[in-house]
Each structure stands twice: as C-alpha cells, then as structure tokens.
$ cat query.pdb   # PDB, C-alpha atoms
ATOM      1  CA  MET X  33       0.000   0.000   0.000
ATOM      2  CA  GLU X  34       1.345   3.434  -0.891
ATOM      3  CA  VAL X  35       1.810   6.144   1.742
ATOM      4  CA  HIS X  36      -0.671   8.605   0.262
ATOM      5  CA  HIS X  37      -3.348   5.900   0.275
ATOM      6  CA  LEU X  38      -2.783   5.394   3.995
ATOM      7  CA  TYR X  39      -3.027   9.143   4.612
ATOM      8  CA  TYR X  40      -6.238   9.199   2.598
ATOM      9  CA  ILE X  41      -7.774   6.464   4.758
ATOM     10  CA  ILE X  42      -6.719   8.210   7.988
ATOM     11  CA  GLY X  43      -8.223  11.489   6.764
ATOM     12  CA  ALA X  44     -11.513   9.787   5.905
ATOM     13  CA  ILE X  45     -11.668   8.182   9.360
ATOM     14  CA  ILE X  46     -11.019  11.559  11.026
ATOM     15  CA  LEU X  47     -13.781  13.188   8.983
ATOM     16  CA  CYS X  48     -16.192  10.416   9.969
ATOM     17  CA  THR X  49     -15.395  10.609  13.673
ATOM     18  CA  ALA X  50     -15.241  14.421  13.908
ATOM     19  CA  PRO X  51     -18.988  14.985  14.644
ATOM     20  CA  VAL X  52     -18.948  12.401  17.421
ATOM     21  CA  ILE X  53     -15.805  13.910  18.953
ATOM     22  CA  LEU X  54     -17.356  17.388  18.891
ATOM     23  CA  LEU X  55     -20.508  16.137  20.629
ATOM     24  CA  ALA X  56     -18.424  14.330  23.246
ATOM     25  CA  ILE X  57     -16.318  17.442  23.905
ATOM     26  CA  ALA X  58     -19.438  19.579  24.251
ATOM     27  CA  HIS X  59     -20.909  17.043  26.679
ATOM     28  CA  LEU X  60     -17.706  17.029  28.765
ATOM     29  CA  GLU X  61     -17.633  20.814  28.859
ATOM     30  CA  THR X  62     -21.116  20.906  30.344
ATOM     31  CA  ALA X  63     -20.026  18.501  33.083
ATOM     32  CA  GLU X  64     -17.248  20.832  34.337
ATOM     33  CA  PRO X  65     -18.657  23.034  37.131
ATOM     34  CA  THR X  66     -15.848  25.600  36.872
ATOM     35  CA  LYS X  67     -16.833  26.769  33.406
ATOM     36  CA  SER X  68     -18.377  30.199  33.144
ATOM     37  CA  LYS X  69     -21.989  30.371  32.018
ATOM     38  CA  GLU X  70     -21.170  32.887  29.307
ATOM     39  CA  PHE X  71     -18.865  30.493  27.446
ATOM     40  CA  GLU X  72     -20.854  27.372  28.144
ATOM     41  CA  PHE X  73     -21.978  25.694  24.938
ATOM     42  CA  SER X  74     -23.536  22.375  25.760
ATOM     43  CA  SER X  75     -24.589  19.604  23.437
ATOM     44  CA  LYS X  76     -28.220  20.486  24.172
ATOM     45  CA  ASP X  77     -27.691  24.047  22.948
ATOM     46  CA  MET X  78     -25.927  22.737  19.852
ATOM     47  CA  TRP X  79     -28.799  20.345  19.124
ATOM     48  CA  ARG X  80     -31.408  23.086  19.595
ATOM     49  CA  GLN X  81     -29.501  25.426  17.294
ATOM     50  CA  LEU X  82     -29.131  22.769  14.605
ATOM     51  CA  ARG X  83     -32.816  21.958  14.950
ATOM     52  CA  GLU X  84     -33.791  25.584  14.394
ATOM     53  CA  GLU X  85     -31.466  26.145  11.438
ATOM     54  CA  ASN X  86     -31.898  22.884   9.519
ATOM     55  CA  THR X  87     -35.237  21.440   8.490
ATOM     56  CA  HIS X  88     -33.806  17.912   8.160
ATOM     57  CA  ILE X  89     -32.501  18.023  11.732
ATOM     58  CA  ALA X  90     -35.900  19.334  12.848
ATOM     59  CA  SER X  91     -37.615  16.406  11.095
ATOM     60  CA  LEU X  92     -35.219  13.967  12.776
ATOM     61  CA  SER X  93     -35.901  15.561  16.155
ATOM     62  CA  GLN X  94     -39.643  15.287  15.546
ATOM     63  CA  LEU X  95     -39.240  11.612  14.639
ATOM     64  CA  LEU X  96     -37.221  10.994  17.800
ATOM     65  CA  ARG X  97     -39.917  12.782  19.772
ATOM     66  CA  ARG X  98     -42.633  10.552  18.324
ATOM     67  CA  ALA X  99     -40.521   7.480  19.075
ATOM     68  CA  GLY X 100     -40.579   8.288  22.798
ATOM     69  CA  LEU X 101     -37.396  10.355  23.246
ATOM     70  CA  LEU X 102     -39.178  13.307  24.759
ATOM     71  CA  ASN X 103     -36.430  15.689  25.884
ATOM     72  CA  THR X 104     -33.281  17.053  24.264
ATOM     73  CA  GLU X 105     -30.884  15.098  26.470
ATOM     74  CA  GLN X 106     -32.376  11.746  25.450
ATOM     75  CA  GLN X 107     -32.242  12.698  21.777
ATOM     76  CA  VAL X 108     -28.604  13.849  21.948
ATOM     77  CA  ASN X 109     -27.508  10.718  23.829
ATOM     78  CA  THR X 110     -29.325   8.444  21.388
ATOM     79  CA  ILE X 111     -27.846  10.140  18.326
ATOM     80  CA  SER X 112     -24.340  10.126  19.846
ATOM     81  CA  ILE X 113     -24.483   6.430  20.736
ATOM     82  CA  THR X 114     -25.913   5.554  17.318
ATOM     83  CA  LEU X 115     -23.222   7.530  15.478
ATOM     84  CA  ILE X 116     -20.464   5.939  17.558
ATOM     85  CA  ALA X 117     -21.849   2.450  16.898
ATOM     86  CA  ILE X 118     -22.235   3.078  13.150
ATOM     87  CA  ILE X 119     -18.759   4.562  12.696
ATOM     88  CA  ALA X 120     -17.088   1.919  14.883
ATOM     89  CA  THR X 121     -18.789  -0.884  12.943
ATOM     90  CA  ALA X 122     -17.801   0.631   9.588
ATOM     91  CA  ILE X 123     -14.187   1.128  10.722
ATOM     92  CA  CYS X 124     -13.982  -2.460  12.005
ATOM     93  CA  LEU X 125     -15.293  -3.637   8.651
ATOM     94  CA  GLY X 126     -12.657  -1.523   6.888
ATOM     95  CA  ILE X 127      -9.873  -2.923   9.097
ATOM     96  CA  TYR X 128     -11.049  -6.458   8.385
ATOM     97  CA  THR X 129     -10.959  -5.861   4.638
ATOM     98  CA  TYR X 130      -7.534  -4.160   4.962
ATOM     99  CA  PHE X 131      -5.951  -7.240   6.535
ATOM    100  CA  ASN X 132      -7.444  -9.353   3.755
ATOM    101  CA  GLY X 133      -5.359  -7.434   1.217
ATOM    102  CA  THR X 134      -8.161  -5.316  -0.252
ATOM    103  CA  PRO X 135      -7.100  -2.241  -2.290
ATOM    104  CA  PRO X 136      -7.386   1.155  -0.494
ATOM    105  CA  THR X 137     -10.067   2.517  -2.814
ATOM    106  CA  THR X 138     -12.193  -0.560  -2.161
ATOM    107  CA  ILE X 139     -11.679  -0.139   1.599
ATOM    108  CA  LEU X 140     -12.879   3.472   1.429
ATOM    109  CA  PHE X 141     -15.861   2.414  -0.640
ATOM    110  CA  ILE X 142     -16.739  -0.333   1.869
ATOM    111  CA  ILE X 143     -16.449   2.072   4.833
ATOM    112  CA  THR X 144     -18.618   4.691   3.118
ATOM    113  CA  LEU X 145     -21.175   2.123   2.012
ATOM    114  CA  GLY X 146     -21.259   0.613   5.513
ATOM    115  CA  ILE X 147     -21.894   4.003   7.125
ATOM    116  CA  VAL X 148     -24.683   4.799   4.651
ATOM    117  CA  LEU X 149     -26.378   1.407   5.015
ATOM    118  CA  LEU X 150     -26.128   1.364   8.812
ATOM    119  CA  ALA X 151     -27.464   4.929   9.034
ATOM    120  CA  TYR X 152     -30.402   4.009   6.785
ATOM    121  CA  LEU X 153     -31.058   0.881   8.868
ATOM    122  CA  ALA X 154     -31.043   2.925  12.083
ATOM    123  CA  TYR X 155     -33.427   5.458  10.520
ATOM    124  CA  PHE X 156     -35.727   2.636   9.365
ATOM    125  CA  PHE X 157     -35.899   1.121  12.853
ATOM    126  CA  LEU X 158     -36.475   4.555  14.392
ATOM    127  CA  LYS X 159     -39.342   5.208  11.988
ATOM    128  CA  LYS X 160     -40.832   1.805  12.804
ATOM    129  CA  ILE X 161     -40.640   2.467  16.555
ATOM    130  CA  ALA X 162     -42.270   5.885  16.104
ATOM    131  CA  GLN X 163     -45.084   4.351  14.046
ATOM    132  CA  GLN X 164     -45.731   1.662  16.666
ATOM    133  CA  ARG X 165     -45.820   4.269  19.419
ATOM    134  CA  GLN X 166     -48.336   6.387  17.526
ATOM    135  CA  GLU X 167     -50.510   3.293  17.069
ATOM    136  CA  LYS X 168     -50.369   2.713  20.825
ATOM    137  CA  LEU X 169     -51.554   6.280  21.363
ATOM    138  CA  ASN X 170     -54.554   5.629  19.127
ATOM    139  CA  GLN X 171     -55.360   2.390  20.951
ATOM    140  CA  GLU X 172     -55.202   4.033  24.379
ATOM    141  CA  THR X 173     -57.278   7.076  23.423
ATOM    142  CA  LEU X 174     -60.609   5.290  24.026
ATOM    143  CA  ILE X 175     -59.731   4.687  27.685
ATOM    144  CA  LEU X 176     -58.471   8.248  27.902
ATOM    145  CA  VAL X 177     -61.740   9.690  26.590
ATOM    146  CA  GLN X 178     -63.845   7.586  28.982
ATOM    147  CA  THR X 179     -61.751   8.580  32.004
ATOM    148  CA  THR X 180     -61.776  12.258  31.058
ATOM    149  CA  ARG X 181     -65.547  12.191  30.641
ATOM    150  CA  MET X 182     -66.066  10.616  34.087
ATOM    151  CA  LEU X 183     -63.694  13.007  35.857
ATOM    152  CA  TRP X 184     -65.197  16.006  34.088
ATOM    153  CA  ARG X 185     -68.718  15.060  35.181
ATOM    154  CA  VAL X 186     -67.499  14.895  38.780
ATOM    155  CA  GLY X 187     -66.653  18.586  38.546
ATOM    156  CA  LEU X 188     -62.853  18.615  38.467
ATOM    157  CA  SER X 189     -60.930  21.307  36.649
ATOM    158  CA  LEU X 190     -58.961  20.568  33.502
ATOM    159  CA  PRO X 191     -55.447  20.652  35.054
ATOM    160  CA  ARG X 192     -56.622  18.461  37.928
ATOM    161  CA  THR X 193     -58.277  16.047  35.489
ATOM    162  CA  LEU X 194     -55.102  15.715  33.433
ATOM    163  CA  ALA X 195     -52.993  15.234  36.567
ATOM    164  CA  ILE X 196     -55.264  12.433  37.833
ATOM    165  CA  ILE X 197     -55.214  10.772  34.413
ATOM    166  CA  CYS X 198     -51.411  10.826  34.349
ATOM    167  CA  ASP X 199     -51.276   9.350  37.843
ATOM    168  CA  GLN X 200     -54.014   6.722  37.624
ATOM    169  CA  LEU X 201     -53.651   5.535  34.029
ATOM    170  CA  ARG X 202     -49.944   4.738  34.071
ATOM    171  CA  ASN X 203     -50.632   1.017  33.746
ATOM    172  CA  LEU X 204     -53.711   1.093  31.489
ATOM    173  CA  ALA X 205     -52.545   3.852  29.132
ATOM    174  CA  PRO X 206     -48.808   4.372  29.731
ATOM    175  CA  THR X 207     -48.071   6.084  26.419
ATOM    176  CA  CYS X 208     -50.885   8.636  26.714
ATOM    177  CA  SER X 209     -49.983   9.260  30.357
ATOM    178  CA  GLN X 210     -46.389   9.928  29.371
ATOM    179  CA  GLU X 211     -47.461  12.428  26.728
ATOM    180  CA  LEU X 212     -49.974  14.213  28.951
ATOM    181  CA  GLN X 213     -47.434  14.415  31.768
ATOM    182  CA  LEU X 214     -45.398  16.824  29.651
ATOM    183  CA  ALA X 215     -48.376  19.164  29.312
ATOM    184  CA  VAL X 216     -49.143  18.863  33.038
ATOM    185  CA  ASN X 217     -45.543  19.753  33.938
ATOM    186  CA  LYS X 218     -45.628  22.812  31.688
ATOM    187  CA  ILE X 219     -48.963  23.944  33.139
ATOM    188  CA  GLU X 220     -47.624  23.554  36.690
ATOM    189  CA  SER X 221     -44.498  25.526  35.777
ATOM    190  CA  GLY X 222     -46.622  28.501  34.685
ATOM    191  CA  GLN X 223     -47.284  27.983  30.987
ATOM    192  CA  SER X 224     -50.838  28.500  29.815
ATOM    193  CA  GLN X 225     -53.041  25.490  29.118
ATOM    194  CA  GLU X 226     -53.633  26.515  25.506
ATOM    195  CA  GLU X 227     -49.917  26.786  24.677
ATOM    196  CA  SER X 228     -48.910  23.547  26.392
ATOM    197  CA  LEU X 229     -51.680  21.567  24.678
ATOM    198  CA  TYR X 230     -50.932  23.219  21.327
ATOM    199  CA  GLU X 231     -47.277  22.160  21.565
ATOM    200  CA  LEU X 232     -48.383  18.629  22.401
ATOM    201  CA  ILE X 233     -50.726  18.569  19.386
ATOM    202  CA  GLY X 234     -47.849  19.478  17.077
ATOM    203  CA  CYS X 235     -45.658  16.676  18.450
ATOM    204  CA  THR X 236     -48.036  13.781  17.807
ATOM    205  CA  ASN X 237     -49.129  12.081  14.619
ATOM    206  CA  ALA X 238     -51.850   9.846  16.091
ATOM    207  CA  GLU X 239     -55.218  11.023  14.771
ATOM    208  CA  GLY X 240     -57.339   9.895  17.724
ATOM    209  CA  PHE X 241     -55.028  11.322  20.365
ATOM    210  CA  LYS X 242     -54.661  14.561  18.411
ATOM    211  CA  GLU X 243     -58.456  14.953  18.182
ATOM    212  CA  TYR X 244     -58.700  14.378  21.933
ATOM    213  CA  LEU X 245     -56.116  17.108  22.564
ATOM    214  CA  ILE X 246     -57.981  19.482  20.238
ATOM    215  CA  VAL X 247     -61.210  18.946  22.203
ATOM    216  CA  VAL X 248     -59.456  19.515  25.533
ATOM    217  CA  ARG X 249     -57.670  22.614  24.241
ATOM    218  CA  GLN X 250     -60.954  24.012  22.917
ATOM    219  CA  GLN X 251     -62.390  23.683  26.420
ATOM    220  CA  ALA X 252     -59.355  25.470  27.855
ATOM    221  CA  ILE X 253     -59.920  28.357  25.429
ATOM    222  CA  THR X 254     -63.706  28.726  25.662
ATOM    223  CA  GLY X 255     -64.295  27.392  29.170
ATOM    224  CA  GLY X 256     -67.448  25.514  28.165
ATOM    225  CA  SER X 257     -68.526  21.933  28.676
ATOM    226  CA  ILE X 258     -66.924  19.111  26.721
ATOM    227  CA  ASP X 259     -69.401  16.306  27.492
ATOM    228  CA  LYS X 260     -71.008  16.398  24.067
ATOM    229  CA  ALA X 261     -67.684  16.710  22.263
ATOM    230  CA  LEU X 262     -66.226  13.775  24.193
ATOM    231  CA  ASP X 263     -69.305  11.646  23.468
ATOM    232  CA  GLU X 264     -69.032  12.359  19.746
ATOM    233  CA  LEU X 265     -65.300  11.679  19.825
ATOM    234  CA  TYR X 266     -65.877   8.385  21.646
ATOM    235  CA  ARG X 267     -68.393   7.220  19.032
ATOM    236  CA  LEU X 268     -66.065   8.319  16.243
ATOM    237  CA  LEU X 269     -63.151   6.386  17.733
ATOM    238  CA  GLN X 270     -65.334   3.313  18.232
ATOM    239  CA  ASN X 271     -66.468   3.391  14.598
ATOM    240  CA  ARG X 272     -62.888   3.878  13.484
ATOM    241  CA  ARG X 273     -61.800   0.925  15.606
ATOM    242  CA  LYS X 274     -64.530  -1.262  14.067
ATOM    243  CA  LEU X 275     -63.459  -0.270  10.562
ATOM    244  CA  ASP X 276     -59.839  -1.077  11.376
ATOM    245  CA  LEU X 277     -60.829  -4.486  12.742
ATOM    246  CA  GLN X 278     -62.945  -5.194   9.661
ATOM    247  CA  GLU X 279     -60.034  -4.222   7.440
ATOM    248  CA  GLN X 280     -57.698  -6.536   9.350
ATOM    249  CA  VAL X 281     -60.208  -9.397   9.097
ATOM    250  CA  ASN X 282     -60.609  -8.833   5.353
ATOM    251  CA  LYS X 283     -56.848  -8.847   4.850
ATOM    252  CA  MET X 284     -56.495 -12.027   6.889
ATOM    253  CA  SER X 285     -59.297 -13.770   4.988
ATOM    254  CA  GLY X 286     -57.700 -12.747   1.705
ATOM    255  CA  LYS X 287     -54.365 -14.221   2.781
ATOM    256  CA  MET X 288     -56.083 -17.434   3.915
ATOM    257  CA  SER X 289     -57.910 -17.694   0.586
ATOM    258  CA  LEU X 290     -54.624 -17.262  -1.261
ATOM    259  CA  VAL X 291     -52.986 -19.992   0.818
ATOM    260  CA  MET X 292     -55.927 -22.326   0.194
ATOM    261  CA  MET X 293     -55.781 -21.704  -3.549
ATOM    262  CA  ILE X 294     -52.052 -22.372  -3.676
ATOM    263  CA  PHE X 295     -51.918 -25.513  -1.525
ATOM    264  CA  LEU X 296     -55.411 -27.053  -1.548
ATOM    265  CA  PHE X 297     -56.479 -26.494  -5.156
ATOM    266  CA  PRO X 298     -53.799 -28.777  -6.680
ATOM    267  CA  ALA X 299     -54.642 -31.542  -4.177
ATOM    268  CA  LEU X 300     -58.365 -31.138  -4.869
ATOM    269  CA  LEU X 301     -57.718 -31.260  -8.605
ATOM    270  CA  ILE X 302     -55.739 -34.474  -8.212
ATOM    271  CA  VAL X 303     -58.459 -36.129  -6.099
ATOM    272  CA  VAL X 304     -61.386 -35.070  -8.307
ATOM    273  CA  ALA X 305     -59.879 -35.228 -11.776
ATOM    274  CA  GLY X 306     -57.304 -37.943 -11.140
ATOM    275  CA  PRO X 307     -59.536 -40.994 -11.809
ATOM    276  CA  ALA X 308     -60.994 -39.418 -14.954
ATOM    277  CA  LEU X 309     -57.539 -38.654 -16.327
ATOM    278  CA  MET X 310     -56.384 -42.191 -15.578
ATOM    279  CA  SER X 311     -59.436 -43.642 -17.349
ATOM    280  CA  ILE X 312     -58.853 -41.454 -20.391
ATOM    281  CA  SER X 313     -55.180 -42.413 -20.514
ATOM    282  CA  ASN X 314     -56.047 -46.128 -20.241
ATOM    283  CA  ALA X 315     -58.653 -45.816 -23.001
ATOM    284  CA  LEU X 316     -56.183 -44.066 -25.288
ATOM    285  CA  SER X 317     -53.542 -46.687 -24.594
ATOM    286  CA  ASN X 318     -56.018 -49.488 -25.428
ATOM    287  CA  LEU X 319     -56.937 -47.795 -28.689
ATOM    288  CA  GLY X 320     -53.277 -47.500 -29.517
TER     289      GLY X 320
END

$ encode --input "query.pdb" --output "structure tokens"
Amino acid sequence: MEVHHLYYIIGAIILCTAPVILLAIAHLETAEPTKSKEFEFSSKDMWRQLREENTHIASLSQLLRRAGLLNTEQQVNTISITLIAIIATAICLGIYTYFNGTPPTTILFIITLGIVLLAYLAYFFLKKIAQQRQEKLNQETLILVQTTRMLWRVGLSLPRTLAIICDQLRNLAPTCSQELQLAVNKIESGQSQEESLYELIGCTNAEGFKEYLIVVRQQAITGGSIDKALDELYRLLQNRRKLDLQEQVNKMSGKMSLVMMIFLFPALLIVVAGPALMSISNALSNLG
C-alpha cells in the first residue's frame, strides 16, 4: 500500500469521527462546574440550534420525539451512541478488509457504504418504533376519553383532570400518560393550558389522540362543557376501531384464501380429476 493511500484512509476516518468527537467534547464541557456560564456551549444548545437552522434536523428531532425520546438530552444521547456504533462498525469492517489485502479505494468504498447502510437501517428502525408508538396512542385514546368524561362530570378542573389521568392511568394507558405528563408539567411551571396543549398537538401524529387534545384545548380556550364533544369523539373512535378491525379481518381472509388456492387447489384437482384422467389415458392406450 502506498503512503498517500494510507493518509487518505486516515483522513476519511477523522472526517467520519469528527462529529462524534465534537458532541463528546461539548458534553464534557457541560459537566465541568468551573466553566463560566457565558462560554458554556452544551450539546443540548448545539442540538437546539441545529434543529432551528436545519429542516432535516428538525424532522429527525420530531421523529425521535414521536418514538418516545421526549427531551433534548435523550435525543442527543441516542444520536451520539448511534453515530459511535455506526462509525465503529464501519471502521472495524474496513480494518477487516484491509488485513485481507483489499485495495485502499475498495476499503474506502466499503467504509462509506457501511456508514450509509447502517445509518439508513437505524433510521428505518427509528421510523418503525415511532409508528408503533403512535398506534399505541390511538389504541389508548378510548380509555383516555372515557376517564376524562367521568372526571369532568365529577366537577374537576382541567389541570386536575389531566394530573389524575397521568397518575391513575400509568398502567392502562402508559403512552398517553407519558405524553400528557409533559403538558401537566408545563402547566404547573406557569405555561398556559392553551400553549402547552398546542405544543403537544404538534408533536403527535396519532389522529385519535390529536383529536382528543384538540377537544381539551378548545375547552381550555372557551371554558365551556366538553361532554357532548367527548361523546361524539368516543363514538367516532369506536367506529374507526370497528373499521380497522374489519379491514384486518378482510386482509387475513384474503391471505387465507390465497394460501388455500395455492396448496389445496392442486390436491383437490388431483383427487377429483385424477380418476378421470387415468381412465382417459387407459382408453387411449387401449386404442393404440
């Protein structure tokens, strides 16, 4: 291997590991208590700034939020660990190919391809987790609507109702309780009910849960009763659940019909038409 090829590989590795090193340095700087607050630039601040300036980073942050990583610290730690794992795996793959006598250009291509494929795989799994979590929100919304309707008829205020829901429904509706707890914390810290619920609406993609938040926020704005709105929402969610179940049953019956046609139809054809075909073949052989 020539010297400039080795320098090229080292430079590529440094470029790949530079973002992770910068995030680690920023995280270490925030852990030092002697640093002045004016020069403190933590990884959280860096992530917020990137999220505000880049739409792709904002979309990634929104996807992480829907997957259950609710605060900035969890998102930064997850991205850092994922980047370290991806780059380390790609470098190990490059080292393995280097000791097998692979040319330098091929090694660089393998490292780059490994980073791209692993990053796409991580993004695919993250998207799948976010989709499953949004489906859980839709499934738990029926219990949420029933509980809210009962507590509202008792005469409790909206913040107290949400606080009781977060406390009592941790086992029955853990995902919804986790989401509503964010709004409850913001309301208790002094933020208005309308703003906290509006931020929560923008962070979710589950239709049923979003409609529930819209109804609750409308009550916080107007101050009226939400019994009728919750009843209509409950019926709507029930009808939607029935349609989803019917769709699943239709898909399953279609798959079963396909399996029966593939495996049972040839056997049925052999049993029914087999004797007739044998008789015809015997008759033709006798004529011959």

$ closest_residue --input "query.pdb" --among "X:Ser257, X:Glu211, X:Ile147, X:Ala120" --to "Leu188 in chain X" --atoms "only C-alpha atoms"
X:Ser257

$ axis_aligned_box --input "query.pdb" --around "range 203-218 of chain X" --padding-each-side "3 Å" --output "JSON"
{"center_x": -49.6, "center_y": 11.9, "center_z": 30.2, "size_x": 14.3, "size_y": 27.8, "size_z": 13.5}

$ closest_atom_pairs --input "query.pdb" --of "range 206-260 of chain X" --to "range 168-171 of chain X" --cutoff "7 Å" --atoms "all atoms listed in the file" --output "JSON lines"
{"residue": "X:Thr207", "atom": "CA", "partner": "X:Leu169", "partner_atom": "CA", "distance": 6.1}
{"residue": "X:Cys208", "atom": "CA", "partner": "X:Leu169", "partner_atom": "CA", "distance": 5.9}
{"residue": "X:Ala238", "atom": "CA", "partner": "X:Asn170", "partner_atom": "CA", "distance": 5.9}
{"residue": "X:Glu239", "atom": "CA", "partner": "X:Asn170", "partner_atom": "CA", "distance": 7.0}
{"residue": "X:Gly240", "atom": "CA", "partner": "X:Asn170", "partner_atom": "CA", "distance": 5.3}
{"residue": "X:Phe241", "atom": "CA", "partner": "X:Asn170", "partner_atom": "CA", "distance": 5.8}

$ closest_residue --input "query.pdb" --among "X:Glu172, X:Phe295, X:Pro191, X:Asp276" --to "Asn203 in chain X" --atoms "only C-alpha atoms"
X:Glu172

$ residues_around --input "query.pdb" --residues "Leu174 in chain X" --least-positions-apart "2" --cutoff "10 Å" --atoms "all atoms listed in the file" --output "list in words"
Leu169, Asn170, Gln171, Glu172, Leu176, Val177, Gln178, Thr179, Thr180, Ala205, Gly240, Phe241, Tyr244, Leu265, Tyr266, Arg267, Leu268, Leu269, Gln270 and Arg273 of chain X

$ residues_around --input "query.pdb" --residues "range 121-128 of chain X" --least-positions-apart "2" --cutoff "12 Å" --atoms "only C-alpha atoms" --output "VMD selection string"
chain X and resid 41 to 42 44 to 46 48 to 49 114 to 119 130 to 151

$ resolve_selection --input "query.pdb" --expression "the PyMOL selection byres ((chain X and resi 98) around 10)" --output "ChimeraX atom specification"
/X:92-97,99-102,158-159,161-166,211,235-238

$ atom_distance --input "query.pdb" --atom1 "CA of Arg83 in chain X" --atom2 "CA of Gln106 in chain X"
14.7 Å

$ atom_distance --input "query.pdb" --atom1 "CA of Leu194 in chain X" --atom2 "CA of Glu264 in chain X"
19.8 Å

$ atom_distance --input "query.pdb" --atom1 "CA of Leu309 in chain X" --atom2 "CA of Phe297 in chain X"
16.5 Å

$ closest_residue --input "query.pdb" --among "X:Ala195, X:Met292, X:Leu262, X:Ala90" --to "Gln250 in chain X" --atoms "all atoms listed in the file"
X:Leu262

$ decode --input "query.pdb" --residues "range 118-187 of chain X" --atoms "C-alpha atoms" --output "compact mmCIF listing (two decimals), in the first residue's frame"
# COMPACT_ATOMS: atom_id res chain seq x y z
CA ILE X 118 -22.23 3.08 13.15
CA ILE X 119 -18.76 4.56 12.70
CA ALA X 120 -17.09 1.92 14.88
CA THR X 121 -18.79 -0.88 12.94
CA ALA X 122 -17.80 0.63 9.59
CA ILE X 123 -14.19 1.13 10.72
CA CYS X 124 -13.98 -2.46 12.01
CA LEU X 125 -15.29 -3.64 8.65
CA GLY X 126 -12.66 -1.52 6.89
CA ILE X 127 -9.87 -2.92 9.10
CA TYR X 128 -11.05 -6.46 8.38
CA THR X 129 -10.96 -5.86 4.64
CA TYR X 130 -7.53 -4.16 4.96
CA PHE X 131 -5.95 -7.24 6.54
CA ASN X 132 -7.44 -9.35 3.75
CA GLY X 133 -5.36 -7.43 1.22
CA THR X 134 -8.16 -5.32 -0.25
CA PRO X 135 -7.10 -2.24 -2.29
CA PRO X 136 -7.39 1.16 -0.49
CA THR X 137 -10.07 2.52 -2.81
CA THR X 138 -12.19 -0.56 -2.16
CA ILE X 139 -11.68 -0.14 1.60
CA LEU X 140 -12.88 3.47 1.43
CA PHE X 141 -15.86 2.41 -0.64
CA ILE X 142 -16.74 -0.33 1.87
CA ILE X 143 -16.45 2.07 4.83
CA THR X 144 -18.62 4.69 3.12
CA LEU X 145 -21.18 2.12 2.01
CA GLY X 146 -21.26 0.61 5.51
CA ILE X 147 -21.89 4.00 7.12
CA VAL X 148 -24.68 4.80 4.65
CA LEU X 149 -26.38 1.41 5.01
CA LEU X 150 -26.13 1.36 8.81
CA ALA X 151 -27.46 4.93 9.03
CA TYR X 152 -30.40 4.01 6.79
CA LEU X 153 -31.06 0.88 8.87
CA ALA X 154 -31.04 2.93 12.08
CA TYR X 155 -33.43 5.46 10.52
CA PHE X 156 -35.73 2.64 9.37
CA PHE X 157 -35.90 1.12 12.85
CA LEU X 158 -36.47 4.55 14.39
CA LYS X 159 -39.34 5.21 11.99
CA LYS X 160 -40.83 1.80 12.80
CA ILE X 161 -40.64 2.47 16.55
CA ALA X 162 -42.27 5.88 16.10
CA GLN X 163 -45.08 4.35 14.05
CA GLN X 164 -45.73 1.66 16.67
CA ARG X 165 -45.82 4.27 19.42
CA GLN X 166 -48.34 6.39 17.53
CA GLU X 167 -50.51 3.29 17.07
CA LYS X 168 -50.37 2.71 20.82
CA LEU X 169 -51.55 6.28 21.36
CA ASN X 170 -54.55 5.63 19.13
CA GLN X 171 -55.36 2.39 20.95
CA GLU X 172 -55.20 4.03 24.38
CA THR X 173 -57.28 7.08 23.42
CA LEU X 174 -60.61 5.29 24.03
CA ILE X 175 -59.73 4.69 27.68
CA LEU X 176 -58.47 8.25 27.90
CA VAL X 177 -61.74 9.69 26.59
CA GLN X 178 -63.85 7.59 28.98
CA THR X 179 -61.75 8.58 32.00
CA THR X 180 -61.78 12.26 31.06
CA ARG X 181 -65.55 12.19 30.64
CA MET X 182 -66.07 10.62 34.09
CA LEU X 183 -63.69 13.01 35.86
CA TRP X 184 -65.20 16.01 34.09
CA ARG X 185 -68.72 15.06 35.18
CA VAL X 186 -67.50 14.89 38.78
CA GLY X 187 -66.65 18.59 38.55
